[in-house]
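Participant: Next comes query.cif, mmCIF, C-alpha atoms and all ligand atoms:
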data_protein
#
loop_
_atom_site.group_PDB
_atom_site.id
_atom_site.type_symbol
_atom_site.label_atom_id
_atom_site.label_comp_id
_atom_site.auth_asym_id
_atom_site.auth_seq_id
_atom_site.Cartn_x
_atom_site.Cartn_y
_atom_site.Cartn_z
ATOM 1 C CA MET A 1 -43.548 41.578 -123.536
ATOM 2 C CA ILE A 2 -41.037 41.361 -126.391
ATOM 3 C CA THR A 3 -41.383 43.449 -129.535
ATOM 4 C CA MET A 4 -38.965 43.333 -132.451
ATOM 5 C CA MET A 5 -39.313 46.040 -135.061
ATOM 6 C CA GLY A 6 -37.577 45.844 -138.427
ATOM 7 C CA ILE A 7 -34.869 43.551 -137.099
ATOM 8 C CA SER A 8 -32.128 42.536 -139.522
ATOM 9 C CA HIS A 9 -28.881 40.860 -138.679
ATOM 10 C CA GLN A 10 -25.763 40.009 -140.583
ATOM 11 C CA PHE A 11 -22.528 38.437 -139.393
ATOM 12 C CA LYS A 12 -19.108 39.456 -140.655
ATOM 13 C CA ILE A 13 -16.818 36.481 -141.155
ATOM 14 C CA GLY A 14 -13.270 36.000 -142.395
ATOM 15 C CA LYS A 15 -9.961 37.759 -141.828
ATOM 16 C CA LYS A 16 -9.584 41.520 -141.691
ATOM 17 C CA GLY A 17 -9.524 42.992 -145.174
ATOM 18 C CA LYS A 18 -11.141 39.835 -146.561
ATOM 19 C CA GLU A 19 -14.370 39.950 -144.595
ATOM 20 C CA ARG A 20 -17.523 38.500 -146.001
ATOM 21 C CA ILE A 21 -21.007 39.521 -144.929
ATOM 22 C CA VAL A 22 -23.443 36.752 -144.031
ATOM 23 C CA PRO A 23 -26.989 38.075 -143.907
ATOM 24 C CA VAL A 24 -29.024 35.952 -141.476
ATOM 25 C CA LEU A 25 -32.223 37.780 -140.491
ATOM 26 C CA HIS A 26 -34.214 40.137 -142.689
ATOM 27 C CA ASP A 27 -36.667 42.766 -141.527
ATOM 28 C CA ILE A 28 -38.365 40.801 -138.746
ATOM 29 C CA ASP A 29 -41.422 42.302 -137.041
ATOM 30 C CA LEU A 30 -42.487 40.147 -134.167
ATOM 31 C CA SER A 31 -44.171 40.432 -130.828
ATOM 32 C CA VAL A 32 -44.555 38.032 -127.937
ATOM 33 C CA GLU A 33 -47.301 38.823 -125.447
ATOM 34 C CA LYS A 34 -47.016 38.496 -121.673
ATOM 35 C CA GLY A 35 -47.946 34.978 -120.563
ATOM 36 C CA GLU A 36 -47.596 33.449 -124.029
ATOM 37 C CA ILE A 37 -45.727 30.261 -124.867
ATOM 38 C CA VAL A 38 -44.263 30.810 -128.335
ATOM 39 C CA ALA A 39 -42.429 28.129 -130.295
ATOM 40 C CA ILE A 40 -39.886 29.151 -132.917
ATOM 41 C CA VAL A 41 -39.448 26.544 -135.610
ATOM 42 C CA GLY A 42 -37.604 26.387 -138.915
ATOM 43 C CA ARG A 43 -34.864 24.487 -140.717
ATOM 44 C CA SER A 44 -31.322 24.306 -139.442
ATOM 45 C CA GLY A 45 -29.586 27.573 -140.324
ATOM 46 C CA SER A 46 -32.821 29.543 -140.694
ATOM 47 C CA GLY A 47 -31.776 31.944 -137.908
ATOM 48 C CA LYS A 48 -33.628 30.676 -134.813
ATOM 49 C CA SER A 49 -30.706 30.878 -132.374
ATOM 50 C CA THR A 50 -29.684 34.240 -133.787
ATOM 51 C CA LEU A 51 -33.198 35.527 -133.097
ATOM 52 C CA LEU A 52 -33.040 34.262 -129.497
ATOM 53 C CA ASN A 53 -29.565 35.745 -128.993
ATOM 54 C CA LEU A 54 -30.879 39.103 -130.176
ATOM 55 C CA MET A 55 -33.766 38.911 -127.681
ATOM 56 C CA SER A 56 -31.304 38.254 -124.868
ATOM 57 C CA GLY A 57 -28.798 40.898 -125.966
ATOM 58 C CA TYR A 58 -25.924 38.461 -126.561
ATOM 59 C CA ILE A 59 -25.731 39.878 -130.049
ATOM 60 C CA ARG A 60 -26.845 43.255 -131.359
ATOM 61 C CA PRO A 61 -28.990 43.707 -134.419
ATOM 62 C CA THR A 62 -27.493 45.289 -137.511
ATOM 63 C CA ALA A 63 -30.787 47.175 -137.898
ATOM 64 C CA GLY A 64 -34.043 47.559 -136.018
ATOM 65 C CA GLU A 65 -35.235 47.995 -132.452
ATOM 66 C CA ILE A 66 -36.133 45.590 -129.655
ATOM 67 C CA LYS A 67 -38.381 46.442 -126.737
ATOM 68 C CA VAL A 68 -38.620 44.102 -123.737
ATOM 69 C CA ALA A 69 -40.957 44.733 -120.791
ATOM 70 C CA GLY A 70 -41.424 48.325 -121.954
ATOM 71 C CA ARG A 71 -37.686 49.057 -122.202
ATOM 72 C CA MET A 72 -35.901 49.850 -125.469
ATOM 73 C CA VAL A 73 -33.090 47.333 -124.914
ATOM 74 C CA THR A 74 -31.272 47.981 -128.185
ATOM 75 C CA LYS A 75 -29.858 51.084 -126.504
ATOM 76 C CA LEU A 76 -28.407 49.307 -123.441
ATOM 77 C CA ASP A 77 -24.642 48.970 -122.969
ATOM 78 C CA GLU A 78 -23.013 45.674 -121.880
ATOM 79 C CA GLY A 79 -23.296 46.302 -118.135
ATOM 80 C CA ALA A 80 -26.902 47.430 -118.328
ATOM 81 C CA TRP A 81 -27.708 44.402 -120.488
ATOM 82 C CA ALA A 82 -26.207 42.059 -117.869
ATOM 83 C CA ASP A 83 -28.411 43.585 -115.138
ATOM 84 C CA PHE A 84 -31.453 43.568 -117.403
ATOM 85 C CA ARG A 85 -30.885 39.891 -118.274
ATOM 86 C CA LEU A 86 -30.566 38.891 -114.612
ATOM 87 C CA ALA A 87 -33.830 40.670 -113.771
ATOM 88 C CA HIS A 88 -35.911 39.583 -116.763
ATOM 89 C CA TYR A 89 -34.657 36.345 -118.268
ATOM 90 C CA GLY A 90 -34.217 32.715 -117.367
ATOM 91 C CA PHE A 91 -32.509 30.384 -119.829
ATOM 92 C CA ILE A 92 -32.967 26.683 -120.483
ATOM 93 C CA PHE A 93 -30.387 25.019 -122.706
ATOM 94 C CA GLN A 94 -30.169 21.631 -124.364
ATOM 95 C CA ASN A 95 -26.949 20.706 -122.574
ATOM 96 C CA PHE A 96 -28.102 21.952 -119.145
ATOM 97 C CA GLN A 97 -24.857 23.891 -118.453
ATOM 98 C CA LEU A 98 -24.727 22.925 -114.777
ATOM 99 C CA ILE A 99 -21.537 23.518 -112.837
ATOM 100 C CA SER A 100 -20.045 20.075 -112.252
ATOM 101 C CA SER A 101 -18.263 20.941 -108.972
ATOM 102 C CA MET A 102 -21.510 22.148 -107.381
ATOM 103 C CA THR A 103 -24.389 20.064 -106.023
ATOM 104 C CA ALA A 104 -27.912 20.389 -107.397
ATOM 105 C CA TYR A 105 -28.711 22.658 -104.435
ATOM 106 C CA GLU A 106 -25.670 24.889 -105.031
ATOM 107 C CA ASN A 107 -26.371 25.148 -108.759
ATOM 108 C CA VAL A 108 -29.898 26.406 -108.062
ATOM 109 C CA GLU A 109 -28.620 28.735 -105.342
ATOM 110 C CA LEU A 110 -26.009 30.373 -107.583
ATOM 111 C CA PRO A 111 -28.199 33.068 -109.237
ATOM 112 C CA LEU A 112 -29.374 34.118 -105.748
ATOM 113 C CA VAL A 113 -25.776 34.382 -104.530
ATOM 114 C CA LEU A 114 -24.901 36.477 -107.589
ATOM 115 C CA LYS A 115 -27.851 38.731 -106.858
ATOM 116 C CA GLY A 116 -26.780 39.169 -103.227
ATOM 117 C CA VAL A 117 -29.830 37.527 -101.628
ATOM 118 C CA GLY A 118 -29.271 36.695 -97.919
ATOM 119 C CA GLN A 119 -28.682 33.127 -96.729
ATOM 120 C CA SER A 120 -31.987 32.313 -95.041
ATOM 121 C CA GLU A 121 -34.020 33.769 -97.918
ATOM 122 C CA ARG A 122 -31.805 31.771 -100.315
ATOM 123 C CA ARG A 123 -32.502 28.527 -98.469
ATOM 124 C CA LYS A 124 -36.258 29.138 -98.564
ATOM 125 C CA ARG A 125 -36.296 29.879 -102.285
ATOM 126 C CA VAL A 126 -33.951 27.053 -103.324
ATOM 127 C CA GLU A 127 -35.906 24.464 -101.316
ATOM 128 C CA LYS A 128 -39.211 25.634 -102.797
ATOM 129 C CA MET A 129 -37.791 25.582 -106.315
ATOM 130 C CA LEU A 130 -36.283 22.098 -105.896
ATOM 131 C CA GLU A 131 -39.688 20.898 -104.735
ATOM 132 C CA ASN A 132 -41.440 22.590 -107.661
ATOM 133 C CA VAL A 133 -39.377 20.602 -110.129
ATOM 134 C CA ASP A 134 -39.624 17.452 -108.015
ATOM 135 C CA ILE A 135 -35.895 17.068 -107.377
ATOM 136 C CA ALA A 136 -35.646 17.871 -103.634
ATOM 137 C CA ALA A 137 -34.541 14.307 -102.835
ATOM 138 C CA PHE A 138 -31.456 14.833 -105.005
ATOM 139 C CA ALA A 139 -30.389 18.213 -103.590
ATOM 140 C CA SER A 140 -26.966 16.991 -102.467
ATOM 141 C CA HIS A 141 -26.165 15.139 -105.708
ATOM 142 C CA TYR A 142 -23.549 16.420 -108.123
ATOM 143 C CA PRO A 143 -24.602 16.697 -111.806
ATOM 144 C CA SER A 144 -22.623 13.540 -112.656
ATOM 145 C CA GLU A 145 -24.755 11.660 -110.113
ATOM 146 C CA LEU A 146 -28.017 12.672 -111.814
ATOM 147 C CA SER A 147 -29.810 11.339 -114.898
ATOM 148 C CA GLY A 148 -30.253 13.580 -117.955
ATOM 149 C CA GLY A 149 -33.862 14.306 -117.007
ATOM 150 C CA GLN A 150 -32.881 15.144 -113.426
ATOM 151 C CA GLN A 151 -30.105 17.447 -114.626
ATOM 152 C CA GLN A 152 -32.592 19.240 -116.869
ATOM 153 C CA ARG A 153 -34.917 19.715 -113.854
ATOM 154 C CA VAL A 154 -32.069 21.253 -111.861
ATOM 155 C CA SER A 155 -31.250 23.489 -114.798
ATOM 156 C CA VAL A 156 -34.912 24.578 -115.044
ATOM 157 C CA ALA A 157 -34.956 25.257 -111.272
ATOM 158 C CA ARG A 158 -31.817 27.376 -111.601
ATOM 159 C CA SER A 159 -33.249 29.371 -114.500
ATOM 160 C CA LEU A 160 -36.478 30.070 -112.570
ATOM 161 C CA VAL A 161 -35.229 30.680 -109.044
ATOM 162 C CA LEU A 162 -35.103 34.451 -109.588
ATOM 163 C CA GLU A 163 -38.683 34.218 -110.911
ATOM 164 C CA PRO A 164 -37.909 35.832 -114.264
ATOM 165 C CA PRO A 165 -40.893 37.067 -116.257
ATOM 166 C CA ILE A 166 -39.450 35.541 -119.457
ATOM 167 C CA VAL A 167 -37.762 32.198 -120.125
ATOM 168 C CA LEU A 168 -35.825 31.644 -123.349
ATOM 169 C CA ALA A 169 -35.211 28.004 -124.218
ATOM 170 C CA ASP A 170 -33.026 26.632 -127.016
ATOM 171 C CA GLU A 171 -33.980 23.024 -127.847
ATOM 172 C CA PRO A 172 -34.792 22.332 -124.179
ATOM 173 C CA SER A 173 -35.757 18.716 -124.762
ATOM 174 C CA GLY A 174 -32.981 17.987 -127.258
ATOM 175 C CA SER A 175 -31.175 15.459 -125.098
ATOM 176 C CA LEU A 176 -34.118 14.004 -123.174
ATOM 177 C CA ASP A 177 -35.935 10.724 -123.739
ATOM 178 C CA SER A 178 -39.673 10.875 -124.357
ATOM 179 C CA GLU A 179 -40.641 10.280 -120.715
ATOM 180 C CA ASN A 180 -38.431 13.113 -119.449
ATOM 181 C CA GLU A 181 -39.504 15.310 -122.317
ATOM 182 C CA LYS A 182 -43.131 14.827 -121.315
ATOM 183 C CA SER A 183 -42.458 15.870 -117.738
ATOM 184 C CA LEU A 184 -40.425 18.919 -118.880
ATOM 185 C CA LEU A 185 -43.350 20.020 -121.052
ATOM 186 C CA THR A 186 -45.829 19.491 -118.215
ATOM 187 C CA MET A 187 -43.577 21.620 -116.023
ATOM 188 C CA ILE A 188 -43.400 24.399 -118.632
ATOM 189 C CA LYS A 189 -47.200 24.441 -118.994
ATOM 190 C CA GLN A 190 -47.639 24.475 -115.222
ATOM 191 C CA LEU A 191 -45.137 27.304 -114.669
ATOM 192 C CA ASN A 192 -46.726 29.298 -117.454
ATOM 193 C CA HIS A 193 -50.168 28.771 -115.991
ATOM 194 C CA GLU A 194 -49.320 29.321 -112.313
ATOM 195 C CA LEU A 195 -46.669 32.048 -112.495
ATOM 196 C CA GLY A 196 -47.632 33.610 -115.851
ATOM 197 C CA ILE A 197 -44.077 33.168 -117.137
ATOM 198 C CA THR A 198 -43.644 33.956 -120.843
ATOM 199 C CA PHE A 199 -41.762 31.242 -122.753
ATOM 200 C CA VAL A 200 -39.977 31.517 -126.101
ATOM 201 C CA ILE A 201 -38.837 28.063 -127.139
ATOM 202 C CA ILE A 202 -36.742 27.052 -130.146
ATOM 203 C CA THR A 203 -37.576 23.536 -131.163
ATOM 204 C CA HIS A 204 -37.468 20.950 -133.940
ATOM 205 C CA ASP A 205 -39.874 18.811 -132.008
ATOM 206 C CA ASP A 206 -43.621 18.687 -132.716
ATOM 207 C CA GLN A 207 -44.316 17.590 -129.121
ATOM 208 C CA VAL A 208 -42.693 20.767 -127.801
ATOM 209 C CA ALA A 209 -44.434 22.937 -130.391
ATOM 210 C CA SER A 210 -47.752 21.403 -129.305
ATOM 211 C CA VAL A 211 -47.589 23.068 -125.857
ATOM 212 C CA ALA A 212 -47.107 26.488 -127.461
ATOM 213 C CA HIS A 213 -49.964 28.937 -127.834
ATOM 214 C CA ARG A 214 -48.400 30.092 -131.099
ATOM 215 C CA THR A 215 -45.747 28.860 -133.497
ATOM 216 C CA ILE A 216 -43.502 31.208 -135.438
ATOM 217 C CA ARG A 217 -41.746 29.739 -138.460
ATOM 218 C CA LEU A 218 -38.473 31.138 -139.772
ATOM 219 C CA GLN A 219 -37.608 30.531 -143.394
ATOM 220 C CA ASP A 220 -34.217 31.700 -144.644
ATOM 221 C CA GLY A 221 -34.133 34.453 -142.051
ATOM 222 C CA ARG A 222 -37.650 35.700 -142.658
ATOM 223 C CA LEU A 223 -40.917 35.036 -140.889
ATOM 224 C CA ALA A 224 -42.876 32.565 -142.946
ATOM 225 C CA ARG A 225 -46.295 33.921 -143.748
ATOM 226 C CA GLN A 226 -48.955 32.110 -141.789
ATOM 227 C CA ALA A 227 -51.739 31.608 -144.311
ATOM 228 C CA PRO A 228 -54.688 33.573 -142.965
ATOM 229 C CA LEU A 229 -58.098 31.934 -143.300
ATOM 230 C CA VAL A 230 -59.453 35.044 -145.011
ATOM 231 C CA SER A 231 -57.210 37.673 -146.608
ATOM 232 C CA VAL A 232 -57.199 41.216 -145.257
ATOM 233 C CA GLU A 233 -58.048 42.431 -148.781
ATOM 234 C CA SER A 234 -61.143 40.282 -148.923
ATOM 235 C CA ILE A 235 -62.257 41.508 -145.485
ATOM 236 C CA LYS A 236 -61.797 45.117 -146.666
ATOM 237 C CA GLU A 237 -63.613 44.403 -149.876
ATOM 238 C CA THR A 238 -66.537 42.808 -148.069
ATOM 239 C CA PHE A 239 -66.656 45.694 -145.613
ATOM 240 C CA ASP A 240 -66.551 48.331 -148.376
ATOM 241 C CA LEU A 241 -69.195 46.515 -150.400
ATOM 242 C CA ALA A 242 -71.424 46.225 -147.359
ATOM 243 C CA LYS A 243 -70.944 49.931 -146.650
ATOM 244 C CA GLY A 244 -71.596 50.821 -150.296
ATOM 245 C CA GLY A 245 -74.692 48.651 -150.346
ATOM 246 C CA HIS A 246 -76.026 50.328 -147.235
ATOM 247 C CA HIS A 247 -75.701 53.840 -148.685
ATOM 248 C CA SER A 248 -77.089 53.090 -152.131
HETATM 249 N N1 LIG B 1 -21.232 33.959 -134.938
HETATM 250 C C1 LIG B 1 -21.543 33.708 -136.203
HETATM 251 N N2 LIG B 1 -20.721 34.099 -137.193
HETATM 252 C C2 LIG B 1 -21.033 33.875 -138.483
HETATM 253 N N3 LIG B 1 -22.153 33.245 -138.915
HETATM 254 C C3 LIG B 1 -22.991 32.820 -137.972
HETATM 255 C C4 LIG B 1 -22.741 33.013 -136.570
HETATM 256 N N4 LIG B 1 -23.773 32.474 -135.865
HETATM 257 C C5 LIG B 1 -24.623 31.960 -136.794
HETATM 258 N N5 LIG B 1 -24.159 32.168 -138.046
HETATM 259 C C6 LIG B 1 -24.833 31.772 -139.302
HETATM 260 O O1 LIG B 1 -26.161 32.262 -139.258
HETATM 261 C C7 LIG B 1 -27.072 31.336 -139.844
HETATM 262 C C8 LIG B 1 -28.199 31.057 -138.844
HETATM 263 O O2 LIG B 1 -27.663 30.404 -137.694
HETATM 264 P P1 LIG B 1 -28.547 30.053 -136.434
HETATM 265 O O3 LIG B 1 -27.683 29.370 -135.449
HETATM 266 O O4 LIG B 1 -29.298 31.253 -136.002
HETATM 267 O O5 LIG B 1 -29.581 29.005 -137.093
HETATM 268 P P2 LIG B 1 -30.607 28.005 -136.389
HETATM 269 O O6 LIG B 1 -31.896 28.156 -137.142
HETATM 270 O O7 LIG B 1 -30.629 28.225 -134.931
HETATM 271 O O8 LIG B 1 -29.939 26.592 -136.737
HETATM 272 P P3 LIG B 1 -29.973 25.189 -135.913
HETATM 273 O O9 LIG B 1 -31.386 24.705 -135.962
HETATM 274 O O10 LIG B 1 -29.054 24.336 -136.720
HETATM 275 O O11 LIG B 1 -29.466 25.460 -134.537
HETATM 276 C C9 LIG B 1 -26.260 30.106 -140.214
HETATM 277 O O12 LIG B 1 -26.006 30.149 -141.582
HETATM 278 C C10 LIG B 1 -24.984 30.272 -139.425
HETATM 279 O O13 LIG B 1 -23.901 29.718 -140.105
#
Can you turn what I pasted into structure tokens?
Ligand SMILES: Nc1ncnc2c1ncn2[C@@H]1O[C@H](COP(=O)(O)OP(=O)(O)OP(=O)(O)O)[C@@H](O)[C@H]1O
Facilitator:
Amino acid sequence: MITMMGISHQFKIGKKGKERIVPVLHDIDLSVEKGEIVAIVGRSGSGKSTLLNLMSGYIRPTAGEIKVAGRMVTKLDEGAWADFRLAHYGFIFQNFQLISSMTAYENVELPLVLKGVGQSERRKRVEKMLENVDIAAFASHYPSELSGGQQQRVSVARSLVLEPPIVLADEPSGSLDSENEKSLLTMIKQLNHELGITFVIITHDDQVASVAHRTIRLQDGRLARQAPLVSVESIKETFDLAKGGHHS
């Protein structure tokens, strides 16, 4: 679903003429399969958010290529990226990013309005989504009239209402208590299972990482080597020996 090939990224900081280069990611090869839940973990500053921002096209890699849903997205211009994002990605953030002057219903409806979906179809989809995340009873509440957990549910509903194939989440449970965190994780598992949505989730939290099918660790901008149970060399050796033995 998402393939990164030889991705490196560096930021330029400082005033013109006195710029400094900050290398952040180094030669990342990574792929996320359709229907996977992948957790990205690593120390603060290891490059997790940068990696997610590259996947969503908010920043462009200094080197390397990214393919998403069969499309070479590194070649897209700003406008094409915006369309691609709307069609392929949902986002879940730590601070929910709901619009305070809109009700829960209107917040969830917004992506459909932006996409030009007609009113009766909008109503059907918003109502279904609000029910999916168990927040229908609070449809007419403004964000300030909702608890943190309820706001996160609305934010999840909004990110999924266009039924994106991929959801990118940056510390989605960061501001939730353990009860609300549990129900967010149950919801993620359920959506993954029922709709086959692919999730890429940045987290510091072992609970969140425990729902993932796979955990990717970043260490100083590189993928940490997952210690294989048996090295490739030893498999080759065994294979060659077995072959040699057979012929002799
Ligand atoms: N826009 C930017 N300009 C310059 N440097 C940046 C920029 N964004 C991030 N960095 C630097 O890149 C490095 C990685 O940052 P990033 O936010 O990807 O880390 P992270 O692993 O997500 O950290 P955290 O867990 O604290 O959110 C940091 O050293 C950071 O200072």
Participant: Please write as a compact mmCIF listing (two decimals) with C-alpha atoms, in the frame of the given file the full residue list that the PyMOL selection byres (((not hetatm)) within 6 of (chain B and resi 1)) yields on this file.
Facilitator:
# COMPACT_ATOMS: atom_id res chain seq x y z
CA PHE A 11 -22.53 38.44 -139.39
CA ILE A 13 -16.82 36.48 -141.16
CA VAL A 24 -29.02 35.95 -141.48
CA ARG A 43 -34.86 24.49 -140.72
CA SER A 44 -31.32 24.31 -139.44
CA GLY A 45 -29.59 27.57 -140.32
CA SER A 46 -32.82 29.54 -140.69
CA GLY A 47 -31.78 31.94 -137.91
CA LYS A 48 -33.63 30.68 -134.81
CA SER A 49 -30.71 30.88 -132.37
CA THR A 50 -29.68 34.24 -133.79
Participant: Go through the shown structure with the PyMOL selection byres (((chain A and resi 209) around 12) and not hetatm) and write out the matching residues as a PDB file with C-alpha atoms, in the coordinates of the input.
Facilitator:
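Contents of part.pdb, as written:
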ATOM      1  CA  ILE A  37     -45.727  30.261-124.867  1.00  0.00           C
ATOM      2  CA  VAL A  38     -44.263  30.810-128.335  1.00  0.00           C
ATOM      3  CA  ALA A  39     -42.429  28.129-130.295  1.00  0.00           C
ATOM      4  CA  ILE A  40     -39.886  29.151-132.917  1.00  0.00           C
ATOM      5  CA  VAL A  41     -39.448  26.544-135.610  1.00  0.00           C
ATOM      6  CA  GLY A  42     -37.604  26.387-138.915  1.00  0.00           C
ATOM      7  CA  GLU A 171     -33.980  23.024-127.847  1.00  0.00           C
ATOM      8  CA  PRO A 172     -34.792  22.332-124.179  1.00  0.00           C
ATOM      9  CA  SER A 173     -35.757  18.716-124.762  1.00  0.00           C
ATOM     10  CA  LEU A 185     -43.350  20.020-121.052  1.00  0.00           C
ATOM     11  CA  ILE A 188     -43.400  24.399-118.632  1.00  0.00           C
ATOM     12  CA  LYS A 189     -47.200  24.441-118.994  1.00  0.00           C
ATOM     13  CA  PHE A 199     -41.762  31.242-122.753  1.00  0.00           C
ATOM     14  CA  VAL A 200     -39.977  31.517-126.101  1.00  0.00           C
ATOM     15  CA  ILE A 201     -38.837  28.063-127.139  1.00  0.00           C
ATOM     16  CA  ILE A 202     -36.742  27.052-130.146  1.00  0.00           C
ATOM     17  CA  THR A 203     -37.576  23.536-131.163  1.00  0.00           C
ATOM     18  CA  HIS A 204     -37.468  20.950-133.940  1.00  0.00           C
ATOM     19  CA  ASP A 205     -39.874  18.811-132.008  1.00  0.00           C
ATOM     20  CA  ASP A 206     -43.621  18.687-132.716  1.00  0.00           C
ATOM     21  CA  GLN A 207     -44.316  17.590-129.121  1.00  0.00           C
ATOM     22  CA  VAL A 208     -42.693  20.767-127.801  1.00  0.00           C
ATOM     23  CA  SER A 210     -47.752  21.403-129.305  1.00  0.00           C
ATOM     24  CA  VAL A 211     -47.589  23.068-125.857  1.00  0.00           C
ATOM     25  CA  ALA A 212     -47.107  26.488-127.461  1.00  0.00           C
ATOM     26  CA  HIS A 213     -49.964  28.937-127.834  1.00  0.00           C
ATOM     27  CA  ARG A 214     -48.400  30.092-131.099  1.00  0.00           C
ATOM     28  CA  THR A 215     -45.747  28.860-133.497  1.00  0.00           C
ATOM     29  CA  ILE A 216     -43.502  31.208-135.438  1.00  0.00           C
ATOM     30  CA  ARG A 217     -41.746  29.739-138.460  1.00  0.00           C
TER      31      ARG A 217
END
Participant: Of the residues A:Leu146, A:Ile2, A:Leu195, A:Leu168, which is the one nearest to Ser100 in chain A, using all atoms listed in the file?
Facilitator: A:Leu146
Participant: Contacts of Leu86 in chain A at 9 Å or less, counting only C-alpha atoms, minus same-chain residues fewer than 3 places along, as a short mmCIF file (atom, residue, chain, number, x, y, z; two decimals) with C-alpha atoms, keeping the file's coordinate frame?
Facilitator:
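Saved the output as selection-v3.cif:
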data_model
loop_
_atom_site.label_atom_id
_atom_site.label_comp_id
_atom_site.auth_asym_id
_atom_site.auth_seq_id
_atom_site.Cartn_x
_atom_site.Cartn_y
_atom_site.Cartn_z
CA TRP A 81 -27.71 44.40 -120.49
CA ALA A 82 -26.21 42.06 -117.87
CA ASP A 83 -28.41 43.58 -115.14
CA TYR A 89 -34.66 36.34 -118.27
CA GLY A 90 -34.22 32.72 -117.37
CA PRO A 111 -28.20 33.07 -109.24
CA LYS A 115 -27.85 38.73 -106.86
CA LEU A 162 -35.10 34.45 -109.59
CA PRO A 164 -37.91 35.83 -114.26
#
Participant: Determine the residue set returned by the PyMOL selection byres (((chain A and resi 156) around 9) and not hetatm) for the present structure, and present it as a list in words.
Facilitator: Gly90, Phe91, Ile92, Phe93, Phe96, Val108, Val133, Gln151, Gln152, Arg153, Val154, Ser155, Ala157, Arg158, Ser159, Leu160, Val161 and Leu184 of chain A
Participant: Using only C-alpha atoms, which residue out of A:Gly35, A:Val126, A:Ser101, A:Glu78 lies closest to Gln190 in chain A?
Facilitator: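 Smallest separation from Gln190 in chain A among the options: A:Gly35.
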